[in-house]
Structure formats: C-alpha cells, structure tokens
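Dumped input.txt below, it's compact mmCIF, C-alpha atoms:
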```txt
# COMPACT_ATOMS: atom_id res chain seq x y z
CA MET A 14 276.89 117.11 100.69
CA ILE A 15 274.02 114.64 100.43
CA ASN A 16 270.67 115.97 101.61
CA SER A 17 268.97 113.07 103.40
CA GLU A 18 265.54 114.60 102.70
CA ILE A 19 265.91 113.47 99.08
CA PHE A 20 265.70 109.90 100.33
CA SER A 21 262.87 110.51 102.83
CA PRO A 22 260.33 108.10 101.23
CA PHE A 23 262.70 105.24 102.03
CA LYS A 24 262.60 105.75 105.80
CA GLY A 25 259.13 104.26 106.07
CA GLU A 26 258.27 105.68 109.49
CA PHE A 27 255.10 107.66 110.01
CA ASP A 28 254.06 109.74 113.00
CA GLU A 29 250.70 108.86 114.55
CA GLY A 30 249.26 112.23 113.49
CA GLU A 31 250.06 111.85 109.82
CA ILE A 32 248.44 108.46 109.24
CA SER A 33 245.39 108.87 106.99
CA PHE A 34 242.94 106.52 105.25
CA PHE A 35 245.37 106.30 102.32
CA HIS A 36 248.20 105.11 104.61
CA LYS A 37 245.96 102.30 105.87
CA LEU A 38 245.11 100.92 102.41
CA ASP A 39 246.71 97.68 101.25
CA PRO A 40 249.82 98.49 99.10
CA ARG A 41 248.47 96.22 96.34
CA VAL A 42 245.36 98.41 96.07
CA LYS A 43 247.55 101.53 95.89
CA MET A 44 249.75 99.92 93.22
CA GLY A 45 246.63 99.15 91.21
CA PHE A 46 245.56 102.76 91.71
CA VAL A 47 248.89 104.06 90.32
CA VAL A 48 248.70 101.72 87.30
CA GLY A 49 245.03 102.58 86.72
CA ILE A 50 245.57 106.34 86.87
CA THR A 51 248.56 106.06 84.49
CA LEU A 52 246.40 104.18 81.96
CA LEU A 53 243.53 106.63 82.44
CA CYS A 54 245.91 109.53 81.69
CA ALA A 55 246.93 107.87 78.45
CA PHE A 56 243.30 107.42 77.34
CA ILE A 57 241.85 110.81 78.29
CA GLN A 58 242.11 113.38 75.51
CA SER A 59 240.21 116.32 76.97
CA ASN A 60 242.40 118.91 78.69
CA ILE A 61 239.55 119.90 81.00
CA LEU A 62 239.19 116.33 82.22
CA LEU A 63 242.97 116.08 82.65
CA GLY A 64 242.80 119.27 84.73
CA LEU A 65 240.01 117.72 86.83
CA LEU A 66 242.18 114.67 87.35
CA VAL A 67 245.00 116.95 88.57
CA LEU A 68 242.57 118.51 91.07
CA LEU A 69 241.42 115.06 92.20
CA VAL A 70 245.00 113.97 92.87
CA ILE A 71 245.79 117.21 94.73
CA MET A 72 242.66 116.64 96.85
CA MET A 73 243.87 113.13 97.66
CA MET A 74 247.27 114.54 98.68
CA ILE A 75 245.57 117.01 101.02
CA LEU A 76 243.40 114.25 102.53
CA SER A 77 246.42 112.00 103.04
CA ASN A 78 248.55 114.79 104.65
CA THR A 79 251.27 114.43 102.01
CA LEU A 80 250.89 117.67 100.06
CA THR A 81 253.87 119.42 101.72
CA LYS A 82 256.23 116.46 101.27
CA VAL A 83 255.15 115.66 97.71
CA GLY A 84 255.13 119.37 96.83
CA LYS A 85 258.92 119.63 97.24
CA PHE A 86 259.43 116.96 94.57
CA LEU A 87 256.71 118.34 92.32
CA LEU A 88 258.42 121.73 92.37
CA ILE A 89 261.34 120.24 90.39
CA PHE A 90 258.84 118.93 87.84
CA ILE A 91 257.01 122.28 87.64
CA LEU A 92 260.36 124.05 87.12
CA PHE A 93 261.13 121.62 84.29
CA CYS A 94 257.71 122.32 82.69
CA ALA A 95 258.15 126.10 82.95
CA LEU A 96 261.61 125.88 81.38
CA ALA A 97 260.33 123.73 78.49
CA ILE A 98 257.46 126.14 77.75
CA PHE A 99 259.78 129.15 78.05
CA LEU A 100 262.39 127.64 75.69
CA THR A 101 259.73 126.75 73.10
CA PHE A 102 258.36 130.30 73.39
CA ILE A 103 261.89 131.68 72.79
CA ILE A 104 262.37 129.40 69.74
CA THR A 105 258.94 129.93 68.14
CA GLY A 106 258.01 133.36 69.53
CA ASN A 107 254.47 132.07 70.06
CA LEU A 108 253.40 131.47 73.67
CA LEU A 109 250.03 129.99 72.71
CA TYR A 110 251.74 127.45 70.46
CA ALA A 111 254.16 126.48 73.23
CA MET A 112 251.34 126.05 75.74
CA LYS A 113 249.14 124.12 73.29
CA HIS A 114 251.99 121.66 72.70
CA PHE A 115 253.05 121.16 76.28
CA ILE A 116 250.02 121.53 78.54
CA PRO A 117 248.31 118.16 77.76
CA PHE A 118 251.63 116.36 78.12
CA PHE A 119 252.52 118.05 81.41
CA LEU A 120 249.04 117.55 82.86
CA ARG A 121 249.34 113.82 82.15
CA PHE A 122 252.83 113.61 83.65
CA PHE A 123 251.79 115.69 86.66
CA VAL A 124 249.01 113.21 87.46
CA MET A 125 251.30 110.20 86.93
CA ILE A 126 254.12 111.55 89.09
CA SER A 127 251.77 112.83 91.80
CA THR A 128 249.98 109.49 92.19
CA GLY A 129 253.34 107.71 92.29
CA LEU A 130 254.61 110.07 94.97
CA LEU A 131 251.32 109.71 96.87
CA PHE A 132 251.95 105.96 96.90
CA ALA A 133 255.60 106.41 97.94
CA PHE A 134 254.83 108.76 100.83
CA THR A 135 252.00 106.63 102.24
CA THR A 136 253.53 103.15 101.92
CA PRO A 137 256.35 101.86 104.12
CA PRO A 138 258.92 100.20 101.78
CA GLN A 139 258.86 96.98 103.80
CA LYS A 140 255.10 96.68 103.26
CA LEU A 141 255.68 97.11 99.54
CA ALA A 142 258.11 94.18 99.59
CA GLN A 143 255.62 92.11 101.63
CA SER A 144 252.84 92.87 99.15
CA LEU A 145 255.01 91.85 96.22
CA GLU A 146 255.71 88.57 97.98
CA LYS A 147 251.95 88.04 98.35
CA MET A 148 251.67 88.65 94.62
CA LYS A 149 254.00 85.65 94.08
CA VAL A 150 257.00 87.76 93.07
CA PRO A 151 260.12 85.54 93.61
CA THR A 152 261.87 85.79 96.99
CA SER A 153 265.13 86.67 95.22
CA VAL A 154 263.47 89.90 94.05
CA THR A 155 261.64 90.80 97.28
CA PHE A 156 264.67 90.07 99.49
CA THR A 157 266.95 92.17 97.27
CA LEU A 158 264.35 94.94 97.14
CA SER A 159 264.12 95.01 100.96
CA ILE A 160 267.90 95.32 101.24
CA ALA A 161 268.16 98.01 98.56
CA ILE A 162 265.39 100.11 100.12
CA ARG A 163 266.70 99.66 103.65
CA TYR A 164 270.27 100.63 102.76
CA ILE A 165 269.68 103.64 100.48
CA PRO A 166 269.58 106.13 103.40
CA THR A 167 272.39 104.23 105.19
CA LEU A 168 274.74 104.41 102.20
CA ALA A 169 273.83 108.07 101.65
CA ARG A 170 274.91 108.72 105.26
CA GLU A 171 278.09 106.68 104.71
CA ALA A 172 278.92 108.74 101.62
CA SER A 173 278.36 111.91 103.61
CA ALA A 174 280.64 110.62 106.41
CA ILE A 175 283.39 109.69 103.92
CA PHE A 176 283.13 113.15 102.38
CA LYS A 177 283.45 114.76 105.82
CA ALA A 178 286.43 112.52 106.63
CA LEU A 179 288.12 113.71 103.43
CA LYS A 180 287.51 117.31 104.48
CA LEU A 181 288.98 116.62 107.92
CA ARG A 182 292.13 115.30 106.29
CA GLY A 183 292.47 118.55 104.37
CA VAL A 184 291.14 117.40 101.00
CA LYS A 185 288.81 120.14 99.82
CA ILE A 186 286.66 119.04 96.91
CA SER A 187 284.68 121.71 95.11
CA THR A 188 282.04 121.03 92.44
CA TRP A 189 284.61 121.90 89.77
CA ASP A 190 287.03 119.30 91.17
CA PHE A 191 284.47 116.58 90.42
CA ILE A 192 285.17 117.24 86.73
CA LYS A 193 288.77 118.45 86.96
CA LYS A 194 290.15 115.76 89.27
CA PRO A 195 287.94 112.65 88.99
CA GLY A 196 290.72 110.66 90.64
CA TYR A 197 289.92 112.41 93.94
CA ILE A 198 286.35 111.17 93.79
CA TYR A 199 287.42 107.73 92.62
CA ARG A 200 290.10 107.16 95.29
CA GLY A 201 288.49 109.17 98.04
CA MET A 202 284.79 108.40 97.67
CA ILE A 203 283.96 105.50 95.35
CA ILE A 204 286.51 102.93 96.54
CA PRO A 205 285.78 103.34 100.30
CA LEU A 206 282.03 103.28 99.62
CA ILE A 207 282.27 100.08 97.57
CA ILE A 208 284.44 98.36 100.16
CA ARG A 209 281.95 99.40 102.85
CA SER A 210 279.03 98.03 100.82
CA ILE A 211 280.86 94.72 100.24
CA LYS A 212 281.41 94.39 103.99
CA LEU A 213 277.79 95.30 104.75
CA SER A 214 276.44 92.79 102.22
CA ASP A 215 278.57 90.02 103.71
CA GLU A 216 277.27 90.87 107.19
CA ILE A 217 273.65 90.90 105.95
CA ALA A 218 274.07 87.52 104.24
CA ILE A 219 275.59 85.94 107.35
CA ALA A 220 272.89 87.45 109.59
CA ALA A 221 270.09 86.29 107.26
CA GLU A 222 271.42 82.75 106.92
CA SER A 223 272.06 82.41 110.65
CA ARG A 224 268.36 83.25 111.17
CA GLY A 225 267.32 80.45 108.85
CA PHE A 226 266.70 82.52 105.72
CA CYS A 227 266.59 80.45 102.54
CA ILE A 228 265.79 81.85 99.09
CA SER A 229 263.73 78.84 98.02
CA ASN A 230 261.53 78.77 101.16
CA ASP A 231 258.32 80.74 101.69
CA ARG A 232 258.78 83.54 104.20
CA SER A 233 256.36 84.41 106.96
CA SER A 234 255.87 87.83 108.50
CA LEU A 235 254.82 89.09 111.91
CA ASN A 236 252.61 91.78 110.39
CA GLU A 237 250.79 90.32 107.38
CA VAL A 238 249.27 92.60 104.76
CA GLU A 239 245.58 91.78 104.30
CA PHE A 240 242.71 93.06 102.18
CA GLY A 241 239.95 94.72 104.22
CA MET A 242 236.57 96.35 103.61
CA LYS A 243 238.20 99.78 103.21
CA ASP A 244 240.28 98.38 100.32
CA TYR A 245 237.22 97.06 98.50
CA ARG A 246 235.38 100.35 99.07
CA PHE A 247 238.35 102.30 97.65
CA ILE A 248 238.56 100.00 94.59
CA LEU A 249 234.84 100.52 93.89
CA LEU A 250 235.17 104.29 94.28
CA ILE A 251 238.14 104.47 91.89
CA ILE A 252 236.40 102.24 89.30
CA PHE A 253 233.33 104.51 89.50
CA ILE A 254 235.38 107.73 89.12
CA SER A 255 237.45 106.28 86.25
CA SER A 256 234.33 105.14 84.43
CA CYS A 257 232.82 108.62 84.81
CA PHE A 258 235.99 110.17 83.35
CA LEU A 259 236.05 107.76 80.41
CA ILE A 260 232.35 108.26 79.63
CA LEU A 261 232.72 112.05 79.87
CA ASP A 262 235.81 111.97 77.65
CA ALA A 263 233.99 109.94 75.02
CA SER A 264 230.92 112.17 75.02
CA ILE A 265 232.51 115.60 75.38
CA SER A 266 234.41 116.89 72.41
CA PHE A 267 235.53 120.22 73.85
CA LYS A 268 239.22 120.79 74.32
CA PHE A 269 241.42 123.47 75.86
CA MET B 21 281.55 78.88 85.03
CA LYS B 22 279.89 79.91 88.31
CA GLU B 23 276.92 77.98 89.72
CA SER B 24 273.81 79.57 88.25
CA ARG B 25 271.66 79.76 91.44
CA PHE B 26 271.79 82.99 93.38
CA THR B 27 273.03 82.71 96.97
CA THR B 28 272.00 84.97 99.86
CA ARG B 29 275.41 86.66 99.59
CA ASP B 30 274.81 87.39 95.89
CA LEU B 31 271.39 88.88 96.54
CA ALA B 32 272.66 90.95 99.45
CA PHE B 33 275.41 92.38 97.27
CA ILE B 34 272.96 93.09 94.41
CA GLY B 35 270.82 94.94 96.97
CA MET B 36 273.78 97.06 98.12
CA THR B 37 274.76 97.72 94.49
CA LEU B 38 271.22 98.91 93.81
CA ALA B 39 271.27 101.20 96.84
CA LEU B 40 274.56 102.71 95.69
CA MET B 41 273.36 102.96 92.11
CA TYR B 42 270.18 104.71 93.23
CA ILE B 43 272.14 107.33 95.18
CA VAL B 44 274.41 108.03 92.18
CA GLN B 45 271.39 108.13 89.83
CA THR B 46 269.41 110.51 92.05
CA ILE B 47 272.26 112.96 92.54
CA THR B 48 273.16 113.14 88.84
CA ILE B 49 269.56 113.27 87.56
CA LEU B 50 268.40 115.84 90.12
CA GLY B 51 271.36 118.04 89.23
CA VAL B 52 270.54 117.89 85.52
CA SER B 53 266.75 118.29 85.94
CA ALA B 54 267.26 121.58 87.70
CA LEU B 55 269.46 122.86 84.88
CA THR B 56 267.86 121.72 81.64
CA PRO B 57 264.40 120.86 80.26
CA PHE B 58 266.07 118.57 77.71
CA ASP B 59 264.80 115.14 78.78
CA ALA B 60 267.56 113.14 77.10
CA ALA B 61 270.23 115.00 79.11
CA LYS B 62 269.17 113.13 82.28
CA SER B 63 269.79 109.74 80.69
CA ILE B 64 273.09 110.88 79.14
CA VAL B 65 274.50 112.28 82.38
CA SER B 66 273.52 109.34 84.58
CA ALA B 67 274.53 106.61 82.06
CA PHE B 68 278.26 106.74 82.75
CA PHE B 69 278.18 106.98 86.56
CA VAL B 70 275.42 104.39 87.03
CA SER B 71 277.21 101.91 84.75
CA ILE B 72 280.37 102.05 86.91
CA VAL B 73 278.40 100.86 89.93
CA ILE B 74 276.46 98.22 87.94
CA ALA B 75 279.68 96.82 86.43
CA ILE B 76 281.13 96.28 89.92
CA GLY B 77 277.97 94.45 91.02
CA LEU B 78 277.95 92.31 87.88
CA ALA B 79 281.65 91.42 88.20
CA LYS B 80 281.27 90.32 91.82
CA VAL B 81 278.12 88.22 91.31
CA GLY B 82 279.00 87.06 87.79
CA LYS B 83 275.77 85.17 87.06
CA ILE B 84 273.40 85.62 84.16
CA GLY B 85 270.15 87.04 85.51
CA THR B 86 271.88 89.60 87.72
CA PHE B 87 271.04 92.44 85.34
CA THR B 88 267.40 91.33 85.15
CA ILE B 89 267.13 91.40 88.96
CA ILE B 90 268.79 94.83 88.96
CA GLY B 91 266.33 95.96 86.26
CA ILE B 92 263.23 94.67 88.08
CA ILE B 93 264.18 96.23 91.41
CA ASN B 94 265.39 99.49 89.92
CA GLY B 95 262.11 99.58 87.99
CA ILE B 96 260.02 98.98 91.12
CA ILE B 97 261.93 101.67 93.05
CA CYS B 98 261.86 104.24 90.22
CA GLY B 99 258.30 103.36 89.19
CA PHE B 100 256.65 103.31 92.60
CA ILE B 101 258.86 105.16 95.11
CA LEU B 102 261.11 107.81 93.61
CA PRO B 103 260.80 109.49 91.09
CA ALA B 104 257.55 107.49 91.08
CA PHE B 105 257.23 107.47 87.31
CA LEU B 106 255.57 104.19 86.32
CA PRO B 107 256.95 103.93 82.72
CA LEU B 108 260.40 103.47 84.29
CA LEU B 109 259.32 99.98 85.45
CA PRO B 110 259.04 98.33 82.00
CA THR B 111 262.01 100.40 80.79
CA ALA B 112 264.37 99.11 83.47
CA ILE B 113 263.16 95.51 83.08
CA LEU B 114 263.62 95.59 79.30
CA GLY B 115 267.12 97.07 79.70
CA GLY B 116 268.13 94.35 82.16
CA LEU B 117 266.69 91.55 80.04
CA ALA B 118 268.42 92.82 76.90
CA ALA B 119 271.80 93.08 78.68
CA ASP B 120 271.46 89.59 80.16
CA GLY B 121 270.37 88.14 76.82
CA VAL B 122 273.24 89.65 74.85
CA THR B 123 275.82 88.62 77.49
CA LYS B 124 274.46 85.06 77.64
CA MET B 125 274.72 84.77 73.85
CA LEU B 126 278.19 86.32 73.51
CA TYR B 127 280.06 85.46 76.71
CA GLY B 128 278.03 82.97 78.76
CA GLU B 129 278.57 84.83 82.06
CA TYR B 130 279.76 88.14 83.52
CA GLY B 131 283.36 88.52 84.57
CA SER B 132 285.49 89.45 81.57
CA ARG B 133 286.04 93.11 80.77
CA ASN B 134 284.26 92.75 77.41
CA SER B 135 281.18 91.20 78.97
CA LEU B 136 280.84 94.09 81.45
CA VAL B 137 281.37 96.72 78.77
CA THR B 138 278.86 95.09 76.41
CA ALA B 139 276.21 94.53 79.10
CA CYS B 140 276.39 98.10 80.42
CA GLY B 141 276.32 99.53 76.90
CA VAL B 142 273.34 97.43 75.78
CA ASN B 143 271.42 98.20 78.97
CA GLN B 144 271.81 101.97 78.61
CA LEU B 145 271.07 101.86 74.88
CA VAL B 146 267.79 99.96 75.33
CA MET B 147 266.71 101.94 78.41
CA THR B 148 267.30 105.32 76.76
CA MET B 149 265.55 104.23 73.58
CA VAL B 150 262.46 103.08 75.52
CA ILE B 151 262.26 105.91 78.07
CA LEU B 152 262.58 108.61 75.42
CA THR B 153 259.95 107.00 73.21
CA ILE B 154 257.35 106.91 76.03
CA PRO B 155 256.87 110.73 76.22
CA LEU B 156 255.99 110.73 72.50
CA LEU B 157 253.23 108.20 73.19
CA PHE B 158 251.83 110.59 75.82
CA GLY B 159 251.77 113.51 73.41
CA PHE B 160 255.16 115.17 73.99
CA SER B 161 256.08 117.67 71.29
CA THR B 162 258.06 116.08 68.45
CA MET B 163 259.59 119.52 67.94
CA ILE B 164 261.58 119.08 71.17
CA LEU B 165 262.04 115.32 71.07
CA SER B 166 262.33 113.97 67.53
CA SER B 167 263.21 110.42 66.57
CA ALA B 168 266.67 111.58 65.47
CA ILE B 169 267.33 112.98 68.97
CA ILE B 170 266.13 109.70 70.50
CA ILE B 171 268.50 107.62 68.35
CA VAL B 172 271.48 109.94 68.92
CA SER B 173 270.80 110.05 72.68
CA ALA B 174 270.43 106.26 72.85
CA LEU B 175 273.72 105.74 71.00
CA LEU B 176 275.45 108.32 73.21
CA CYS B 177 274.07 106.67 76.35
CA GLY B 178 275.10 103.26 75.04
CA GLY B 179 278.64 104.55 74.50
CA LEU B 180 278.77 106.22 77.90
CA GLY B 181 277.33 103.08 79.51
CA ALA B 182 280.07 101.01 77.88
CA ALA B 183 282.68 103.53 79.08
CA GLY B 184 281.21 103.28 82.58
CA GLY B 185 281.44 99.48 82.31
CA LEU B 186 285.11 99.81 81.33
CA VAL B 187 285.89 102.08 84.31
CA GLY B 188 283.91 99.72 86.55
CA SER B 189 285.91 96.70 85.36
CA LYS B 190 289.15 98.60 86.09
CA ILE B 191 287.93 99.31 89.62
CA VAL B 192 287.04 95.63 89.99
CA ASP B 193 290.58 94.66 88.91
CA GLU B 194 292.01 96.96 91.57
CA LEU B 195 289.63 95.66 94.22
CA ARG B 196 290.54 92.08 93.28
CA LYS B 197 294.25 92.88 93.64
CA ALA B 198 293.54 94.47 97.02
CA GLY B 199 291.58 91.37 98.09
CA ALA B 200 288.30 93.24 98.61
CA ILE B 201 286.55 91.17 95.93
CA THR B 202 287.11 87.43 95.74
CA ASP B 203 285.77 85.07 93.06
```
Is it possible to give me this structure as structure tokens?
Amino acid sequence: MINSEIFSPFKGEFDEGEISFFHKLDPRVKMGFVVGITLLCAFIQSNILLGLLVLLVIMMMILSNTLTKVGKFLLIFILFCALAIFLTFIITGNLLYAMKHFIPFFLRFFVMISTGLLFAFTTPPQKLAQSLEKMKVPTSVTFTLSIAIRYIPTLAREASAIFKALKLRGVKISTWDFIKKPGYIYRGMIIPLIIRSIKLSDEIAIAAESRGFCISNDRSSLNEVEFGMKDYRFILLIIFISSCFLILDASISFKF
Amino acid sequence: MKESRFTTRDLAFIGMTLALMYIVQTITILGVSALTPFDAAKSIVSAFFVSIVIAIGLAKVGKIGTFTIIGIINGIICGFILPAFLPLLPTAILGGLAADGVTKMLYGEYGSRNSLVTACGVNQLVMTMVILTIPLLFGFSTMILSSAIIIVSALLCGGLGAAGGLVGSKIVDELRKAGAITD
C-alpha cells in the first residue's frame, strides 16, 4: 500500500560508490546553496539564462550521482507542467500563448525543486539536524526534527503492516472504500497507528532521559560537522557563477 | 493550565505526530498531483486529513508553541528534504505562528474542542493563502490562479482544516476514554 521509495531521502544511508563531492560538503553550505539558487531564480528574467540554470543543476545532479533518484520525483513535476500547458492550450486554443505563460514559471520551479532534491539526496537527515544545532537553532526543534525524520519510514512500515493485518483478518479495503466507508480507515488504520506512535514516543522519551538528555543542555556529537577547504571553494564558485548570471541578466535584454 | 516548558515526552510526541502527518500529507498530495494541474487542489485535499493528525498532537501536548514547532519542522522537512520546495518553509512557520497566536488570545492553551478546531482552521487558512500567493510572485499565470481562486481555496482549506480539527478532537476523546491519552 505504501511505497517505501517515496520516503527514500529519509533513510540517510549512502553506499560507498555513490558518495560524491556534493555529499561531502557541509550541510550548511548546501542549505545556503538552495536558498541562493531560489533567490537567483526570482531575480533572473531571461528565459535563456533560466534554461542555462536548469542545465547547470542537471549537470550537478549527474556529478553527484543523484540524477536517477531525483528524476523519479521530477517526473511528477514534469507531468504537472505538461498537464497545465495542455489545459491552457485547450482553453485558449493557442499553444504559443500557453507556453509563453508557463515556461518561465516552470523553469524557475524546476531549478528550485531540483536543487532542493539535490540537497535532500546528498545530505543524511541526522547531519541536517546537527548543522541546525550548530546554527544555534533551539534543541527543542533539532531534537523533534531528528525524531520526525527518523520515524517517517518506520511509521510508513507500521501503516503498511496494519493494512496487511487488516487484509489477513478478511477486511478488504479498496480505494473506493476510503471514501465510502471512512469508518474502516478510522477504526482499522488511524487508531492503531496513533496508539503505536504514542507508545513509541513514550519509549523514545524514556530512552533519551535515561541517557542524560536534557532540552536545556548543549548536546555533543561523535561526528561533528565542520567547515573545510572544499566548502569555501564551493562557496566561491557559486558566488562567481551567480554573479555571472546576474550580470548577464542585467546586460542581455533578449528573451524567449 | 499546563506548565509551559516542553518536556522530552512532549517533543518526542510532536516528532511522532510530524512523522505521521508527513506520511498522510505525502500520500494525499502525491495522489492529487498526478491527477490535476490545479495547484490549490493539493492544499484542499490534504487540509482535512493533516488537521486530524495535528489536532491529536495538539490535544496531547496542550501547550502554546506546539503549532510553531510543528510549523518550523514541517517547513524544514518540506523545504529542504521532500518535496524540497523552499517557499514551504516560511509558509509552514507563518501558519504555525498564526494558529498559536490566535489560540493564545482566545483560549490560552490547547485542549478544548473549540481551541483545536480554531487552531487547525487558522493554520490551513494562512498556509493556503501564503503558498498560493508565492507562485504569482514567481510569474505564474493569473489566468489559472487568480486572487479570487486563492481566497476561495484558502477559505475552503480553513473550513476543511477546522473540520479535521473537529474529527481529531473526537478521536482524542475516544483515546482519552480508552486510556491511551492521559492529561
């Protein structure tokens, strides 16, 4: 029922062969990269430059060995874009008009979503939480974030197991039943899942407190996240590329 | 009134609520994205189901600030991990802050049915309003997404969010009777 591949970025385990330069960057640098690219997308007006930015992001995905994984998620977005253009074409009867209205918007969103997914597929969630802690984000947020990220795949598996248990007991729920008999879902799925999550949260709290965890104290970590030379080099490279794009955008007036 | 500091147990339960909420959100939004290019439909479909889960989390923790924590973390997850769309970060934070603010002013804390309904409604209303305005700033066609659609969608989401909060509070009542949730 629940495809665990949907939640694959939350597993945070990489094989030796798939670790690239992008995986090794400090998560704070990558977060800055995502924010920077999003802002750059908002400023750039030229469609050609937006297209170049799309190519740059695709190149980064190839270099970081994430193109196949990210591609699956981008397919949903591309399908959405195609549908929007098709519907506008049906309404207006003018394909050029539909494309003129949607292409700049979709190019921008493609870049934003791709860079976000690039970050997600190259950063272990625990490192993200550690980086936020280094950025002085309160422990209450980082601790909760760690738990949420860690338990998303677990709860998805639990939901799948509950669904299978229902099937074993002879309750067959079709997609139509979700609408027709919501009580089935409520009694059979939601209540057991909530009770399970209450139990799990109690166990986590007891385990954390028994290991000396305290919300007000600073936490230490076995594997600290640190800035290195490669991070500074990447920051300089991105600043240089962004400046080039902004200068080109200001000086070139051609559009798609 | 409950003590205002968050305990480890509170935070652990907020974390589990977020995990559950994320699963519900992903399944409903992915289902709708594949079927319609109408952006507002995603918010409308997920509003009800997500609010049920949030209401349960709010009722168990009961402290003002819970919705802001939920907003920040949901924003970080949706903005940086999946669907990795950065504008969702400020949207989720604003939604959480608005819900906490309104509940603090009207009820003081979470717990009563009305406080859950109001908080979930306000959160969905603000979030939908913000997230549907962002595409217009990035040049989305006003022919597809006009301000009238944004307002109607936001009101619809607010209503569905409140309905989700109501269903959530009923589930909480049942769980309290069964002894699964204790104050």
Please, what distance in Å, to one decimal, runs between CA of Gly64 in chain A and CA of Asp262 in chain A?
12.3 Å
Rounded to one decimal, what separation in Å do you get between CA of Ser24 in chain B and CA of Lys80 in chain B?
13.6 Å
To one decimal place, how far is CA of Cys54 in chain A from CA of Thr111 in chain B in Å?
18.5 Å
Go through A:Ser229, A:Val47, A:Met112, A:Leu92 and flag the residue nearest Ser153 in chain A, using only C-alpha atoms for the distances.
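Ranking A:Ser229, A:Val47, A:Met112, A:Leu92 by distance to Ser153 in chain A, first place goes to A:Ser229.
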Interface residues on chain A facing chain B, 8 Å, only C-alpha atoms, written as a ChimeraX atom specification:
/A:22-23,44,47-48,51,55,89,92-94,96-97,114-115,117-118,121,125-130,132-134,153-154,156-162,164-165,168-169,204,208,210-211,213-215,217-219,221-222,227-228
The selected residues should be written to file as a PDB file, in the coordinates of the input (atoms: C-alpha atoms).
```
ATOM      1  CA  PRO A  22     260.330 108.100 101.230  1.00  0.00           C
ATOM      2  CA  PHE A  23     262.700 105.240 102.030  1.00  0.00           C
ATOM      3  CA  MET A  44     249.750  99.920  93.220  1.00  0.00           C
ATOM      4  CA  VAL A  47     248.890 104.060  90.320  1.00  0.00           C
ATOM      5  CA  VAL A  48     248.700 101.720  87.300  1.00  0.00           C
ATOM      6  CA  THR A  51     248.560 106.060  84.490  1.00  0.00           C
ATOM      7  CA  ALA A  55     246.930 107.870  78.450  1.00  0.00           C
ATOM      8  CA  ILE A  89     261.340 120.240  90.390  1.00  0.00           C
ATOM      9  CA  LEU A  92     260.360 124.050  87.120  1.00  0.00           C
ATOM     10  CA  PHE A  93     261.130 121.620  84.290  1.00  0.00           C
ATOM     11  CA  CYS A  94     257.710 122.320  82.690  1.00  0.00           C
ATOM     12  CA  LEU A  96     261.610 125.880  81.380  1.00  0.00           C
ATOM     13  CA  ALA A  97     260.330 123.730  78.490  1.00  0.00           C
ATOM     14  CA  HIS A 114     251.990 121.660  72.700  1.00  0.00           C
ATOM     15  CA  PHE A 115     253.050 121.160  76.280  1.00  0.00           C
ATOM     16  CA  PRO A 117     248.310 118.160  77.760  1.00  0.00           C
ATOM     17  CA  PHE A 118     251.630 116.360  78.120  1.00  0.00           C
ATOM     18  CA  ARG A 121     249.340 113.820  82.150  1.00  0.00           C
ATOM     19  CA  MET A 125     251.300 110.200  86.930  1.00  0.00           C
ATOM     20  CA  ILE A 126     254.120 111.550  89.090  1.00  0.00           C
ATOM     21  CA  SER A 127     251.770 112.830  91.800  1.00  0.00           C
ATOM     22  CA  THR A 128     249.980 109.490  92.190  1.00  0.00           C
ATOM     23  CA  GLY A 129     253.340 107.710  92.290  1.00  0.00           C
ATOM     24  CA  LEU A 130     254.610 110.070  94.970  1.00  0.00           C
ATOM     25  CA  PHE A 132     251.950 105.960  96.900  1.00  0.00           C
ATOM     26  CA  ALA A 133     255.600 106.410  97.940  1.00  0.00           C
ATOM     27  CA  PHE A 134     254.830 108.760 100.830  1.00  0.00           C
ATOM     28  CA  SER A 153     265.130  86.670  95.220  1.00  0.00           C
ATOM     29  CA  VAL A 154     263.470  89.900  94.050  1.00  0.00           C
ATOM     30  CA  PHE A 156     264.670  90.070  99.490  1.00  0.00           C
ATOM     31  CA  THR A 157     266.950  92.170  97.270  1.00  0.00           C
ATOM     32  CA  LEU A 158     264.350  94.940  97.140  1.00  0.00           C
ATOM     33  CA  SER A 159     264.120  95.010 100.960  1.00  0.00           C
ATOM     34  CA  ILE A 160     267.900  95.320 101.240  1.00  0.00           C
ATOM     35  CA  ALA A 161     268.160  98.010  98.560  1.00  0.00           C
ATOM     36  CA  ILE A 162     265.390 100.110 100.120  1.00  0.00           C
ATOM     37  CA  TYR A 164     270.270 100.630 102.760  1.00  0.00           C
ATOM     38  CA  ILE A 165     269.680 103.640 100.480  1.00  0.00           C
ATOM     39  CA  LEU A 168     274.740 104.410 102.200  1.00  0.00           C
ATOM     40  CA  ALA A 169     273.830 108.070 101.650  1.00  0.00           C
ATOM     41  CA  ILE A 204     286.510 102.930  96.540  1.00  0.00           C
ATOM     42  CA  ILE A 208     284.440  98.360 100.160  1.00  0.00           C
ATOM     43  CA  SER A 210     279.030  98.030 100.820  1.00  0.00           C
ATOM     44  CA  ILE A 211     280.860  94.720 100.240  1.00  0.00           C
ATOM     45  CA  LEU A 213     277.790  95.300 104.750  1.00  0.00           C
ATOM     46  CA  SER A 214     276.440  92.790 102.220  1.00  0.00           C
ATOM     47  CA  ASP A 215     278.570  90.020 103.710  1.00  0.00           C
ATOM     48  CA  ILE A 217     273.650  90.900 105.950  1.00  0.00           C
ATOM     49  CA  ALA A 218     274.070  87.520 104.240  1.00  0.00           C
ATOM     50  CA  ILE A 219     275.590  85.940 107.350  1.00  0.00           C
ATOM     51  CA  ALA A 221     270.090  86.290 107.260  1.00  0.00           C
ATOM     52  CA  GLU A 222     271.420  82.750 106.920  1.00  0.00           C
ATOM     53  CA  CYS A 227     266.590  80.450 102.540  1.00  0.00           C
ATOM     54  CA  ILE A 228     265.790  81.850  99.090  1.00  0.00           C
TER      55      ILE A 228
END
```
In the coordinate frame of the file, compute which residues have an atom within 6 Å of (270.9, 95.6, 77.9) when using all atoms listed in the file, and state them as a VMD selection string.
chain B and resid 115 to 116 118 to 119 139 142 to 143 146
Between A:Arg163, A:Leu52, A:Phe99, A:Val184, smallest distance to Phe122 in chain A by all atoms listed in the file belongs to A:Leu52
If I put a ball of radius 12 Å at (286.9, 101.0, 76.5) in the file's coordinates, which residues poke into it when counting all atoms listed in the file, written as a list in words?
Arg133, Asn134, Ser135, Leu136, Val137, Thr138, Cys140, Gly141, Gly179, Leu180, Gly181, Ala182, Ala183, Gly184, Gly185, Leu186, Val187, Gly188, Ser189 and Lys190 of chain B
For a quick check of understanding, using all atoms listed in the file, which of A:Leu120, A:Leu206, A:Phe46, A:Asn236 has the smallest distance to Leu68 in chain A?
A:Leu120
Go through B:Val122, B:Leu109, B:Cys177, B:Met149 one by one, measure the shortest atom-to-atom distance of each to Phe69 in chain B using all atoms listed in the file, and give the residue with the smallest value.
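Ranked by minimum distance to Phe69 in chain B, first place goes to B:Cys177.
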